[in-house]
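Asker: Below is the structure I would like to discuss, written out as structure tokens.
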Amino acid sequence: MKKSTVIWHPGAAIAIVCLIGWQIMRHKSETTESGYPERAIHIVVPYDAGGGSDTFVRILEKGIAEDALVDQPLVILNQPGGSGTIGSGEVKNADPDGYKILCHHNAIITAKLAETVDYGPEAFEPIAMTGEMSMVILVRDDSPIQNIVDLLETAKDKPNTIRFGANKGAPAYFTTLQLQKSLEGAELTIVSAGGGADRYSKILGGHLEAGIFSLSEYLDFRGPAGTPPDQNIRAIALLSNQRHESIPDVPTAVEMNVPVVLTNANYWWAPKDTPAAVIDYWADALDKAMQNENVLGELARLRMDPTYDRGASLKERLDDTMYQFSLVAEQEQTWLPNFTVYVGILLVVFLTWAVIESMFQKKQLPETSSMLPSEPFRKRPDIAIACFALLCGYVLLLSMGWLPFAIVSAGMVALIGGQMMRGTSAKWIVLLELAVLTGLGTQFIFTEVFVTPLP
Amino acid sequence: MIESITLAAVPPGLDTAIQSLLTPMGLALVAAGTALGIFVGAIPGLTGTMLIALVLPLTYGADPLLSMAFLISIYVGAVSGGMITATLLRMPGTPASIITTLDGYPMARQGKPGRALGLGVMASLAGGMISWAFLVLLTSPIAKLSSKFGFFEYFSLVMMALVLIATIGGKSLSKSLFSGFLGIFLAIPGINAATGQAQLTFGITELNDGFQLLPVLIGLFAVNQILRDITNIEQKAQPIELGKESVFLKASDFIKHGVNLVRSSIIGTWIGILPGIGANIGSVTAYSVSKSLSKTPEKFGTGHEDGVVASEAANNATIGGALIPLIAMGLPGSVVEAVLLGALVIHGLQPGPRLFSESPDMVYTIMGAMLIANVVMAATMLFSMRLLAKVVHIPRPYLLPVILCFCVIGSYALSHRLFDVWVMLGFGVLGFLLESLKIPLAPFIIGFVLGPIAEENLTLGLQASNGSFLPIITQPLSLLFIVIAVIMLFVPLAKSRFSSQREVVQ
């Protein structure tokens with residue numbers, strides 16, 4: 001024990017000095033600029049790191065950094081979940097100062113129409129549209145369906161025999177409703193079958209007859225020439241206004257007189273009432289970034305069209321998309337069992353059973369924990385409760401944001417450790433050193449090594 | 001040229017896996033993970049599940065292959081490390097080594113702590129290796145079979161898995177079932193993947209994504225455990241000093257315990273494959289089987305070598321077993337697998353039958369990491385046992401607050417919102433209450449993970465069949481799973497057999 005304290009104290013002291021030095025350096029470098037932007041800007045991606053939206057934002061961020069289009073570092077925040085509504089809600093409620101902006105596609109419109117959330121594009125200031133992805137309808141290669149008209153006529157002749165993969169509430173779902181509407185009496189069985197890879201394997205496995213995919217998914221999943229038809233997929237229609245150069249043989253739905261168009265465009269949003277100067281600053285930066293050669297190269301690799309739009313014409317485009325989707329927004333209710341109720345009932349049943357059983361068992365069985373150490377000691381639930389209260393106070397302080405993370409964390413470690421020290425041989429000085437090290441150390445590791453923002 | 005020809009002969013993905021594992025970086029991570037796992041596993045009150053849940057947020061930005069290799073190594077180390085304190089302190093470092101205390105501690109009291117630990121390491125290595133062989137042999141065929149599953153087959157499979165946890169998982173069937181359904185129920189809030197509708201969110205936008213797995217796990221297994229440790233802060237134990245005695249064994253020891261090693265490893269692997277039950281049940285079962293087959297059952301519990309061997313071989317063998325359904329079907333075999341499942345999802349991979357065809361490199365990395373970690377584990381334990389036996393006595397007041405700080409950061413880092421931190425705190429209290437009422441947490445977590453999978457597949461199946469439930473019993477595989485589930489639920493034989501085995505142990 002003594003040997004270890006000889007190493008510990010000088011080691012801890014040196015580490016603390018280094019970390020304080022790092023803090024001072026950081027503060028010096030931060031307080032130089034004036035005017036927007038004065039500090040790092042957070043870009044919220046409402047999907048997982050590594051997904052399509054995330055990849056796209058990171059490409060643009062690289063372009064912006066290369067040409068130094070924004071004077072402060074950009075921090076990409078992945079806030080996935082709830083079909084993108086977790087991230088969009090976070091930006092909607094942020095201060096309209098231009099330090100938190102959102103990149104989100106058409107799902108921001110459909111989330112409102114599907115009543116997932118009660119806000120849509122009107123709750124934000126649109127900055128710009130950057131990049132569009134074409135969408136295609138796929139079938140298995142051995143399917144008798146040759147084109148979009150075949151598909152709809154089969155759906156009319158034999159209603160509900162075509163299982164069509166499109167996620168409920170997502171843009172593809174609304175497009176599917178539009179398709180159905182374009183031929184009176186056509187009825188597709190719409191199945192939410194998860195992500196692109198899921199829908200692909202369900203089509204190959206014969207669990208779906210057709211589905212909507214992005215162009216890049218189609219080109220990735222398509223087998224090489226000579227793949228047996230029952231193990232390959234085929235595009236029957238492109239949902240754009242013109243044919244795409246990468247698949248020149250695939251006709252558009254519009255050509256076949258089915259006036260349905262779906263592209264997945266990426267939009268940039270700021271909270272409502274963000275100053276116009278900030279909106280323009282960003283619209284300019286994104287405009288230039290979309291002309292960066294590396295960005296264009298990367299987008300071409302993703303088969304994304306480098307379209308760009310801003311200002312009044314962007315608003316018009318959004319209104320039009322909103323109008324198109326809202327025409328079919330009345331969802332038909334497929335009959336589905338109410339799982340919440342069933343699970344709730346079973347929960348109550350088993351709870352009752354467990355309570356009754358334990359009431360009877362208490363009389364029969366004594367405690368059988370003789371397997372474990374039996375040296376008697378005093379239980380201290382009081383300390384546990386005090387520590388938990390301190391922990392809640394810590395999280396509350398973090399959410400207020402009054403004090404820096406490092407100070408609050410060091411205080412928490414010292415106080416909770418202090419609670420536990422009652423009745424043990426631990427020493428205050430070691431605990432205090434440890435507290436300072438934890439506060440500064442975690443901040444260092446997370447901001448410098450993992451580049452994750454802390455509360 | 002020659003290189004490309006030899007590479008073409010190996011299965012796709014194996015080369016990538018080897019290239020990422022057999023580098024200084026890869027090997028260093030596996031070694032570090034194993035050592036960290038042993039260390040944390042050895043400290044009573046800190047478990048492998050807790051460590052893995054807390055390390056996972058650190059891997060967000062890192063390479064997926066190396067991240068998984070690191071997590072798997074921690075897992076292997078943590079299951080093994082618990083034997084040190086189980087033997088020397090009579091306090092199991094992790095729940096997996098509870099059974100090791102029965103014979104390990106008496107052996108140590110009789111002046112043979114080194115031999116007890118040496119046997120434990122040997123058994124752990126054998127258990128890990130045998131279950132690894134099963135992992136390599138069984139995963140691919142099972143994955144091929146399950147890739148043909150449609151919505152209803154998957155639903156029935158998950159139902160079977162849910163029934164299995166309830167019937168074999170714990171002492172009380174009713175408490176296990178309650179725990180499982182509570183898990184399913186608390187997984188409901190959020191936007192339903194199949195219908196796109198928000199359920200049980202009460203209009204709170206933050207709840208649109210429900211309760212995230214990671215904050216729930218950190219709460220249930222880290223915060224809960226720390227609260228329990230604080231309650232027991234005055235508990236003291238006198239360690240038995242590890243003298244000059246060697247921990248290395250002779251070749252003849254392997255032959256002497258050969259049958260027991262193989263039998264306990266196979267039992268451990270099988271228990272591992274069954275969903276929801278992990279290393280502790282594996283070692284209980286192997287121990288009681290060894291005892292009932294032994295010529296000298298009365299010696300068990302008094303410092304019998306066979307007891308240590310059975311327990312440690314089986315608890316390490318559950319690792320390989322539990323990885324099989326995780327990789328092949330995307331179903332977690334135990335609580336740690338539920339965390340690993342979350343890790344795969346966070347790194348953009350969908351665990352399930354397609355993992356093998358879409359990311360073979362990940363599958364081979366997991367297998368390779370387990371193999372290397374087992375060797376590293378045995379070597380680390382044998383050569384640094386004396387050091388480990390001393391280091392595990394870090395005073396709690398230093399350790400626990402720092403871990404709490406990591407709990408908060410870990411939950412926050414998932415999607416950068418404090419909502420998740422409050423969820424973590426809430427589930428910490430819930431876990432504490434449930435365990436205080438002797439309600440097991442494993443069924444809760446398995447229900448929490450499997451419930452939504454079952455619901456989604458059933459809903460999609462119903463969407464595809466236009467509302468008909470018939471395919472559940474008309475499709476042969478689906479019918480098979482349902483029949484097995486019904487047998488498991490209504491023939492209480494398995495349950496009563498299991499509880500009589502428990503009595504044998506006590």
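Scheme for the structure tokens: letters A, B, ... for chains in order shown; per-chain residue numbers from 1; ligand numbers from 1 in order shown.
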Could you write out, as a CSV table (one decimal) with N, CA and C atoms, in the first residue's frame, all the residues of region 208-415 of chain A that DSSP marks as alpha helix (DSSP H)?
Answerer:
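Here's the written file part_19.csv:
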```
chain,number,residue,atom,x,y,z
A,215,LEU,N,-31.8,4.8,-55.3
A,215,LEU,CA,-31.0,4.4,-56.5
A,215,LEU,C,-29.7,3.8,-56.0
A,216,SER,N,-29.1,4.3,-55.0
A,216,SER,CA,-27.8,3.8,-54.6
A,216,SER,C,-27.9,2.4,-54.0
A,217,GLU,N,-29.0,2.2,-53.3
A,217,GLU,CA,-29.3,0.9,-52.7
A,217,GLU,C,-29.5,-0.1,-53.8
A,218,TYR,N,-30.2,0.3,-54.9
A,218,TYR,CA,-30.4,-0.6,-56.0
A,218,TYR,C,-29.1,-1.0,-56.7
A,219,LEU,N,-28.2,0.0,-56.9
A,219,LEU,CA,-27.0,-0.3,-57.6
A,219,LEU,C,-26.0,-1.1,-56.7
A,220,ASP,N,-26.2,-1.0,-55.4
A,220,ASP,CA,-25.3,-1.8,-54.4
A,220,ASP,C,-25.8,-3.2,-54.4
A,221,PHE,N,-27.1,-3.4,-54.3
A,221,PHE,CA,-27.7,-4.7,-54.1
A,221,PHE,C,-27.7,-5.5,-55.4
A,276,ALA,N,-32.1,36.6,-40.2
A,276,ALA,CA,-31.9,36.3,-41.7
A,276,ALA,C,-30.4,36.3,-42.0
A,277,ALA,N,-29.6,37.1,-41.3
A,277,ALA,CA,-28.1,37.2,-41.7
A,277,ALA,C,-27.5,35.8,-41.5
A,278,VAL,N,-27.9,35.1,-40.4
A,278,VAL,CA,-27.4,33.8,-40.1
A,278,VAL,C,-27.8,32.8,-41.2
A,279,ILE,N,-29.1,32.9,-41.6
A,279,ILE,CA,-29.6,32.0,-42.7
A,279,ILE,C,-28.8,32.2,-43.9
A,280,ASP,N,-28.6,33.5,-44.3
A,280,ASP,CA,-27.8,33.8,-45.5
A,280,ASP,C,-26.4,33.3,-45.4
A,281,TYR,N,-25.8,33.5,-44.2
A,281,TYR,CA,-24.4,33.0,-44.0
A,281,TYR,C,-24.3,31.5,-44.3
A,282,TRP,N,-25.3,30.8,-43.8
A,282,TRP,CA,-25.2,29.3,-44.0
A,282,TRP,C,-25.6,28.9,-45.5
A,283,ALA,N,-26.6,29.6,-46.0
A,283,ALA,CA,-27.0,29.3,-47.4
A,283,ALA,C,-25.8,29.6,-48.4
A,284,ASP,N,-25.0,30.7,-48.1
A,284,ASP,CA,-23.8,30.9,-48.9
A,284,ASP,C,-22.8,29.8,-48.7
A,285,ALA,N,-22.5,29.5,-47.5
A,285,ALA,CA,-21.5,28.5,-47.2
A,285,ALA,C,-21.8,27.2,-47.9
A,286,LEU,N,-23.1,26.8,-47.8
A,286,LEU,CA,-23.5,25.5,-48.4
A,286,LEU,C,-23.5,25.6,-49.9
A,287,ASP,N,-23.8,26.7,-50.4
A,287,ASP,CA,-23.8,26.9,-51.9
A,287,ASP,C,-22.4,26.7,-52.4
A,288,LYS,N,-21.4,27.3,-51.7
A,288,LYS,CA,-20.0,27.1,-52.1
A,288,LYS,C,-19.5,25.7,-51.9
A,289,ALA,N,-20.0,25.1,-50.8
A,289,ALA,CA,-19.5,23.7,-50.5
A,289,ALA,C,-20.0,22.8,-51.6
A,293,GLU,N,-14.9,20.5,-55.5
A,293,GLU,CA,-14.7,19.3,-56.3
A,293,GLU,C,-14.8,18.0,-55.6
A,294,ASN,N,-14.2,18.0,-54.4
A,294,ASN,CA,-14.2,16.7,-53.6
A,294,ASN,C,-15.6,16.4,-53.2
A,295,VAL,N,-16.4,17.4,-52.9
A,295,VAL,CA,-17.8,17.1,-52.5
A,295,VAL,C,-18.5,16.6,-53.7
A,296,LEU,N,-18.3,17.2,-54.9
A,296,LEU,CA,-19.0,16.7,-56.0
A,296,LEU,C,-18.6,15.3,-56.4
A,297,GLY,N,-17.3,15.0,-56.2
A,297,GLY,CA,-16.9,13.6,-56.5
A,297,GLY,C,-17.5,12.6,-55.5
A,298,GLU,N,-17.5,12.9,-54.3
A,298,GLU,CA,-18.1,12.0,-53.3
A,298,GLU,C,-19.6,11.8,-53.5
A,299,LEU,N,-20.3,12.9,-53.9
A,299,LEU,CA,-21.8,12.8,-54.1
A,299,LEU,C,-22.0,11.9,-55.3
A,300,ALA,N,-21.2,12.0,-56.4
A,300,ALA,CA,-21.3,11.2,-57.5
A,300,ALA,C,-21.1,9.7,-57.2
A,301,ARG,N,-20.2,9.5,-56.3
A,301,ARG,CA,-19.9,8.1,-55.9
A,301,ARG,C,-21.2,7.6,-55.2
A,311,GLY,N,-33.9,30.1,-50.5
A,311,GLY,CA,-34.7,31.3,-50.6
A,311,GLY,C,-36.2,31.0,-51.0
A,312,ALA,N,-36.8,31.8,-51.8
A,312,ALA,CA,-38.2,31.7,-52.2
A,312,ALA,C,-38.5,30.4,-52.9
A,313,SER,N,-37.6,30.1,-53.9
A,313,SER,CA,-37.9,28.9,-54.7
A,313,SER,C,-37.9,27.6,-53.8
A,314,LEU,N,-37.0,27.6,-52.7
A,314,LEU,CA,-36.9,26.5,-51.8
A,314,LEU,C,-38.3,26.4,-51.1
A,315,LYS,N,-38.8,27.6,-50.6
A,315,LYS,CA,-40.1,27.5,-49.9
A,315,LYS,C,-41.2,27.0,-50.7
A,316,GLU,N,-41.2,27.4,-52.0
A,316,GLU,CA,-42.2,26.9,-52.9
A,316,GLU,C,-42.1,25.4,-53.1
A,317,ARG,N,-40.9,24.9,-53.2
A,317,ARG,CA,-40.6,23.5,-53.4
A,317,ARG,C,-41.2,22.7,-52.2
A,318,LEU,N,-40.9,23.2,-51.0
A,318,LEU,CA,-41.3,22.6,-49.8
A,318,LEU,C,-42.9,22.6,-49.7
A,319,ASP,N,-43.5,23.7,-50.0
A,319,ASP,CA,-44.9,23.8,-50.0
A,319,ASP,C,-45.5,22.8,-50.9
A,320,ASP,N,-44.9,22.7,-52.1
A,320,ASP,CA,-45.5,21.7,-53.1
A,320,ASP,C,-45.4,20.3,-52.6
A,321,THR,N,-44.2,19.9,-52.1
A,321,THR,CA,-44.0,18.6,-51.6
A,321,THR,C,-45.1,18.3,-50.5
A,322,MET,N,-45.2,19.3,-49.6
A,322,MET,CA,-46.2,19.1,-48.5
A,322,MET,C,-47.6,18.9,-49.1
A,323,TYR,N,-47.9,19.6,-50.1
A,323,TYR,CA,-49.3,19.5,-50.7
A,323,TYR,C,-49.4,18.2,-51.3
A,324,GLN,N,-48.4,17.7,-52.1
A,324,GLN,CA,-48.5,16.4,-52.8
A,324,GLN,C,-48.8,15.3,-51.7
A,325,PHE,N,-48.0,15.3,-50.7
A,325,PHE,CA,-48.1,14.3,-49.7
A,325,PHE,C,-49.5,14.4,-48.9
A,326,SER,N,-49.9,15.6,-48.7
A,326,SER,CA,-51.1,15.8,-47.9
A,326,SER,C,-52.4,15.3,-48.6
A,339,PHE,N,-51.2,-4.4,-28.9
A,339,PHE,CA,-50.2,-5.2,-28.0
A,339,PHE,C,-50.1,-4.6,-26.6
A,340,THR,N,-50.2,-3.2,-26.6
A,340,THR,CA,-50.0,-2.6,-25.3
A,340,THR,C,-51.0,-3.1,-24.3
A,341,VAL,N,-52.2,-3.3,-24.7
A,341,VAL,CA,-53.3,-3.8,-23.8
A,341,VAL,C,-52.9,-5.2,-23.4
A,342,TYR,N,-52.6,-6.1,-24.3
A,342,TYR,CA,-52.4,-7.5,-24.0
A,342,TYR,C,-51.2,-7.6,-23.1
A,343,VAL,N,-50.1,-6.9,-23.4
A,343,VAL,CA,-48.9,-7.0,-22.5
A,343,VAL,C,-49.2,-6.5,-21.1
A,344,GLY,N,-50.0,-5.4,-21.1
A,344,GLY,CA,-50.4,-4.8,-19.8
A,344,GLY,C,-51.2,-5.8,-19.0
A,345,ILE,N,-52.2,-6.5,-19.6
A,345,ILE,CA,-53.0,-7.5,-18.9
A,345,ILE,C,-52.1,-8.6,-18.3
A,346,LEU,N,-51.2,-9.1,-19.2
A,346,LEU,CA,-50.4,-10.2,-18.8
A,346,LEU,C,-49.5,-9.8,-17.6
A,347,LEU,N,-49.0,-8.5,-17.7
A,347,LEU,CA,-48.1,-8.0,-16.7
A,347,LEU,C,-48.9,-8.0,-15.3
A,348,VAL,N,-50.1,-7.6,-15.3
A,348,VAL,CA,-50.9,-7.5,-14.1
A,348,VAL,C,-51.1,-8.9,-13.6
A,349,VAL,N,-51.4,-9.9,-14.5
A,349,VAL,CA,-51.7,-11.2,-14.1
A,349,VAL,C,-50.4,-11.8,-13.4
A,350,PHE,N,-49.3,-11.6,-14.0
A,350,PHE,CA,-48.1,-12.2,-13.4
A,350,PHE,C,-47.7,-11.6,-12.1
A,351,LEU,N,-47.9,-10.3,-12.1
A,351,LEU,CA,-47.6,-9.5,-10.8
A,351,LEU,C,-48.5,-10.1,-9.7
A,352,THR,N,-49.8,-10.3,-10.0
A,352,THR,CA,-50.7,-10.9,-8.9
A,352,THR,C,-50.2,-12.2,-8.5
A,353,TRP,N,-49.8,-13.1,-9.5
A,353,TRP,CA,-49.4,-14.4,-9.3
A,353,TRP,C,-48.1,-14.4,-8.4
A,354,ALA,N,-47.2,-13.5,-8.7
A,354,ALA,CA,-45.9,-13.4,-8.0
A,354,ALA,C,-46.2,-13.0,-6.5
A,355,VAL,N,-47.1,-12.0,-6.4
A,355,VAL,CA,-47.4,-11.5,-5.0
A,355,VAL,C,-48.0,-12.6,-4.2
A,356,ILE,N,-49.0,-13.3,-4.8
A,356,ILE,CA,-49.7,-14.4,-4.0
A,356,ILE,C,-48.7,-15.5,-3.7
A,357,GLU,N,-47.8,-15.9,-4.6
A,357,GLU,CA,-46.9,-16.9,-4.4
A,357,GLU,C,-45.9,-16.5,-3.3
A,358,SER,N,-45.5,-15.3,-3.3
A,358,SER,CA,-44.5,-14.9,-2.3
A,358,SER,C,-45.1,-14.8,-0.9
A,359,MET,N,-46.4,-14.5,-0.9
A,359,MET,CA,-47.1,-14.5,0.4
A,359,MET,C,-47.2,-15.8,1.1
A,360,PHE,N,-47.4,-16.9,0.2
A,360,PHE,CA,-47.4,-18.2,0.7
A,360,PHE,C,-46.0,-18.8,1.1
A,361,GLN,N,-45.1,-18.4,0.2
A,361,GLN,CA,-43.7,-19.0,0.4
A,361,GLN,C,-43.1,-18.5,1.7
A,362,LYS,N,-43.4,-17.3,2.1
A,362,LYS,CA,-42.7,-16.7,3.2
A,362,LYS,C,-42.8,-17.6,4.5
A,363,LYS,N,-44.0,-18.3,4.6
A,363,LYS,CA,-44.3,-19.1,5.7
A,363,LYS,C,-43.4,-20.4,5.7
A,364,GLN,N,-43.1,-20.9,4.5
A,364,GLN,CA,-42.5,-22.1,4.4
A,364,GLN,C,-40.9,-22.0,4.4
A,381,PRO,N,-28.4,1.7,4.0
A,381,PRO,CA,-29.2,2.3,2.9
A,381,PRO,C,-29.2,3.8,3.0
A,382,ASP,N,-29.0,4.3,4.2
A,382,ASP,CA,-28.9,5.8,4.3
A,382,ASP,C,-27.9,6.4,3.4
A,383,ILE,N,-26.7,5.8,3.4
A,383,ILE,CA,-25.6,6.3,2.6
A,383,ILE,C,-26.0,6.2,1.1
A,384,ALA,N,-26.6,5.1,0.8
A,384,ALA,CA,-27.0,4.8,-0.6
A,384,ALA,C,-28.0,5.9,-1.1
A,385,ILE,N,-28.9,6.2,-0.2
A,385,ILE,CA,-29.9,7.2,-0.6
A,385,ILE,C,-29.3,8.6,-0.7
A,386,ALA,N,-28.4,8.9,0.2
A,386,ALA,CA,-27.7,10.2,0.2
A,386,ALA,C,-26.9,10.3,-1.1
A,387,CYS,N,-26.2,9.3,-1.5
A,387,CYS,CA,-25.4,9.3,-2.7
A,387,CYS,C,-26.3,9.4,-3.9
A,388,PHE,N,-27.4,8.7,-3.9
A,388,PHE,CA,-28.3,8.8,-5.1
A,388,PHE,C,-28.8,10.3,-5.2
A,389,ALA,N,-29.2,10.9,-4.1
A,389,ALA,CA,-29.7,12.2,-4.1
A,389,ALA,C,-28.6,13.2,-4.7
A,390,LEU,N,-27.4,13.0,-4.2
A,390,LEU,CA,-26.3,13.8,-4.8
A,390,LEU,C,-26.1,13.6,-6.3
A,391,LEU,N,-26.3,12.4,-6.7
A,391,LEU,CA,-26.1,12.1,-8.1
A,391,LEU,C,-27.2,12.8,-8.9
A,392,CYS,N,-28.5,12.8,-8.4
A,392,CYS,CA,-29.6,13.5,-9.1
A,392,CYS,C,-29.3,15.0,-9.2
A,393,GLY,N,-28.7,15.5,-8.0
A,393,GLY,CA,-28.4,16.9,-8.0
A,393,GLY,C,-27.3,17.2,-9.0
A,394,TYR,N,-26.4,16.3,-9.2
A,394,TYR,CA,-25.3,16.5,-10.2
A,394,TYR,C,-25.9,16.6,-11.6
A,395,VAL,N,-26.8,15.7,-12.0
A,395,VAL,CA,-27.4,15.7,-13.3
A,395,VAL,C,-28.2,17.0,-13.5
A,396,LEU,N,-28.9,17.4,-12.4
A,396,LEU,CA,-29.7,18.6,-12.5
A,396,LEU,C,-28.9,19.8,-12.8
A,397,LEU,N,-27.7,19.9,-12.1
A,397,LEU,CA,-26.8,21.0,-12.3
A,397,LEU,C,-26.3,21.0,-13.7
A,398,LEU,N,-26.0,19.8,-14.2
A,398,LEU,CA,-25.5,19.7,-15.6
A,398,LEU,C,-26.5,20.2,-16.6
A,399,SER,N,-27.8,19.9,-16.3
A,399,SER,CA,-28.8,20.3,-17.3
A,399,SER,C,-29.1,21.8,-17.2
A,400,MET,N,-28.8,22.4,-16.0
A,400,MET,CA,-28.9,23.9,-15.9
A,400,MET,C,-27.8,24.6,-16.7
A,405,PHE,N,-18.6,21.6,-16.9
A,405,PHE,CA,-18.7,20.2,-16.6
A,405,PHE,C,-17.6,19.7,-15.6
A,406,ALA,N,-16.4,20.1,-15.8
A,406,ALA,CA,-15.3,19.6,-15.0
A,406,ALA,C,-15.5,19.9,-13.5
A,407,ILE,N,-15.9,21.1,-13.2
A,407,ILE,CA,-16.1,21.5,-11.8
A,407,ILE,C,-17.2,20.7,-11.2
A,408,VAL,N,-18.3,20.6,-11.9
A,408,VAL,CA,-19.5,19.9,-11.3
A,408,VAL,C,-19.1,18.5,-11.1
A,409,SER,N,-18.4,17.8,-12.0
A,409,SER,CA,-18.1,16.4,-11.9
A,409,SER,C,-17.1,16.2,-10.8
A,410,ALA,N,-16.1,17.1,-10.6
A,410,ALA,CA,-15.2,16.9,-9.5
A,410,ALA,C,-15.9,17.0,-8.2
A,411,GLY,N,-16.8,18.0,-8.1
A,411,GLY,CA,-17.6,18.1,-6.9
A,411,GLY,C,-18.4,16.9,-6.6
A,412,MET,N,-19.0,16.3,-7.6
A,412,MET,CA,-19.8,15.1,-7.4
A,412,MET,C,-19.0,14.0,-6.9
A,413,VAL,N,-17.8,13.8,-7.5
A,413,VAL,CA,-17.0,12.6,-7.1
A,413,VAL,C,-16.5,12.9,-5.6
A,414,ALA,N,-16.2,14.1,-5.3
A,414,ALA,CA,-15.7,14.4,-3.9
A,414,ALA,C,-16.8,14.2,-2.9
A,415,LEU,N,-18.0,14.7,-3.2
A,415,LEU,CA,-19.1,14.6,-2.3
A,415,LEU,C,-19.6,13.2,-2.1
```
Asker: Using DSSP assignments from the backbone, pull out every residue in region 17-183 of chain A that falls under strand (DSSP E) and give it to me as JSON, numbers by chain.
Answerer: {"A": [41, 42, 43, 44, 45, 74, 75, 76, 77, 78, 100, 101, 102, 103, 104, 124, 125, 126, 127, 128, 129, 130, 131, 132, 133, 134, 135, 136, 137, 138, 139, 140, 163, 164, 165]}
Asker: Save the residues we just selected, C-alpha atoms, as a tab-separated table (two decimals), in the first residue's frame?
Answerer:
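Result file follows (out18.tsv):
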```
chain	number	residue	atom	x	y	z
A	41	ILE	CA	-21.62	25.23	-34.33
A	42	HIS	CA	-23.51	21.99	-33.72
A	43	ILE	CA	-25.03	20.26	-36.74
A	44	VAL	CA	-27.70	17.80	-35.68
A	45	VAL	CA	-28.06	14.63	-37.76
A	74	LEU	CA	-18.48	22.31	-36.87
A	75	VAL	CA	-19.48	19.55	-34.44
A	76	ILE	CA	-21.72	16.83	-35.86
A	77	LEU	CA	-24.22	15.58	-33.28
A	78	ASN	CA	-25.96	12.30	-34.03
A	100	LYS	CA	-27.56	24.48	-33.62
A	101	ILE	CA	-28.81	23.58	-37.07
A	102	LEU	CA	-30.40	20.49	-38.55
A	103	CYS	CA	-29.90	18.49	-41.73
A	104	HIS	CA	-32.97	16.40	-42.45
A	124	PHE	CA	-38.16	25.90	-38.79
A	125	GLU	CA	-36.40	28.40	-41.01
A	126	PRO	CA	-35.34	26.48	-44.14
A	127	ILE	CA	-31.75	27.34	-45.13
A	128	ALA	CA	-31.10	25.38	-48.30
A	129	MET	CA	-31.65	22.14	-50.17
A	130	THR	CA	-28.45	20.27	-50.99
A	131	GLY	CA	-28.41	17.09	-53.02
A	132	GLU	CA	-31.18	14.75	-54.13
A	133	MET	CA	-31.35	10.98	-54.33
A	134	SER	CA	-33.51	9.28	-56.98
A	135	MET	CA	-35.78	6.46	-55.91
A	136	VAL	CA	-36.71	3.27	-57.78
A	137	ILE	CA	-39.31	0.51	-57.52
A	138	LEU	CA	-37.79	-2.96	-57.40
A	139	VAL	CA	-39.12	-6.48	-57.95
A	140	ARG	CA	-37.37	-9.84	-57.92
A	163	ARG	CA	-46.97	-7.11	-50.78
A	164	PHE	CA	-45.19	-3.80	-51.19
A	165	GLY	CA	-42.30	-2.75	-48.90
```
Asker: Mind giving me the straight-line distance from CA of Phe202 (chain B) to CA of His416 (chain B) in Å, one decimal?
Answerer: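 Computing the Euclidean distance for CA of Phe202 (chain B) and CA of His416 (chain B) yields 22.1 Å.
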Asker: Expressed in Å to a single decimal, how great is the separation between CA of Pro332 (chain B) and CA of Ser53 (chain A)?
Answerer: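 Answer for the CA of Pro332 (chain B) to CA of Ser53 (chain A) separation: 28.8 Å.
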Asker: Let me make sure I understand: among A:Glu433, A:Asp309, A:Asp142, A:Asp157, which one has the smallest atom-to-atom distance to chain B if we use only C-alpha atoms?
Answerer: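 Among the listed residues, the smallest separation from chain B belongs to A:Glu433.
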Asker: Using only C-alpha atoms, which of A:Leu19, A:Ile236, A:Leu262, A:Ala114 sits nearest Ile445 (chain A)?
Answerer: A:Leu19
Asker: When you look at region 70-72 of chain B with a cut-off of 8 Å (counting only C-alpha atoms), what residues show up, excluding the ones that are within fewer than 4 positions of it in the same chain? I need them as a VMD selection string.
Answerer: chain B and resid 29 to 30 32 to 34 52 55 to 56 66 76 340 366 369 to 370 373
Asker: Please determine, counting only C-alpha atoms, which residue among B:Ala35, B:Ala378, B:Val449, B:Met83 has the shortest atom-to-atom distance to Gly128 (chain B).
Answerer: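 Of B:Ala35, B:Ala378, B:Val449, B:Met83, the one nearest Gly128 (chain B) is B:Ala378, counting only C-alpha atoms.
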Asker: Between A:Met420, A:Ala12, A:Leu60, A:Ile247, which is the closest to Pro306 (chain A) once you count only C-alpha atoms?
Answerer: A:Leu60
Asker: Which one is closest to chain B: A:Leu432, A:Lys168, A:Ile203, A:Gln419? Count only C-alpha atoms.
Answerer: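 Nearest candidate to chain B out of A:Leu432, A:Lys168, A:Ile203, A:Gln419: A:Lys168.
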Asker: Quick one: residues within 9 Å of Glu153 (chain B), only C-alpha atoms, excluding same-chain residues fewer than 2 positions away - as a list in words?
Answerer: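 In the requested form, the answer reads Ser146, Lys148, Phe149, Gly150, Phe151, Phe155, Ser156, Leu157, Val158, Asn457, Pro471, Ile472, Gln475, Pro476, Leu477, Ser478, Leu479 and Phe481 of chain B.
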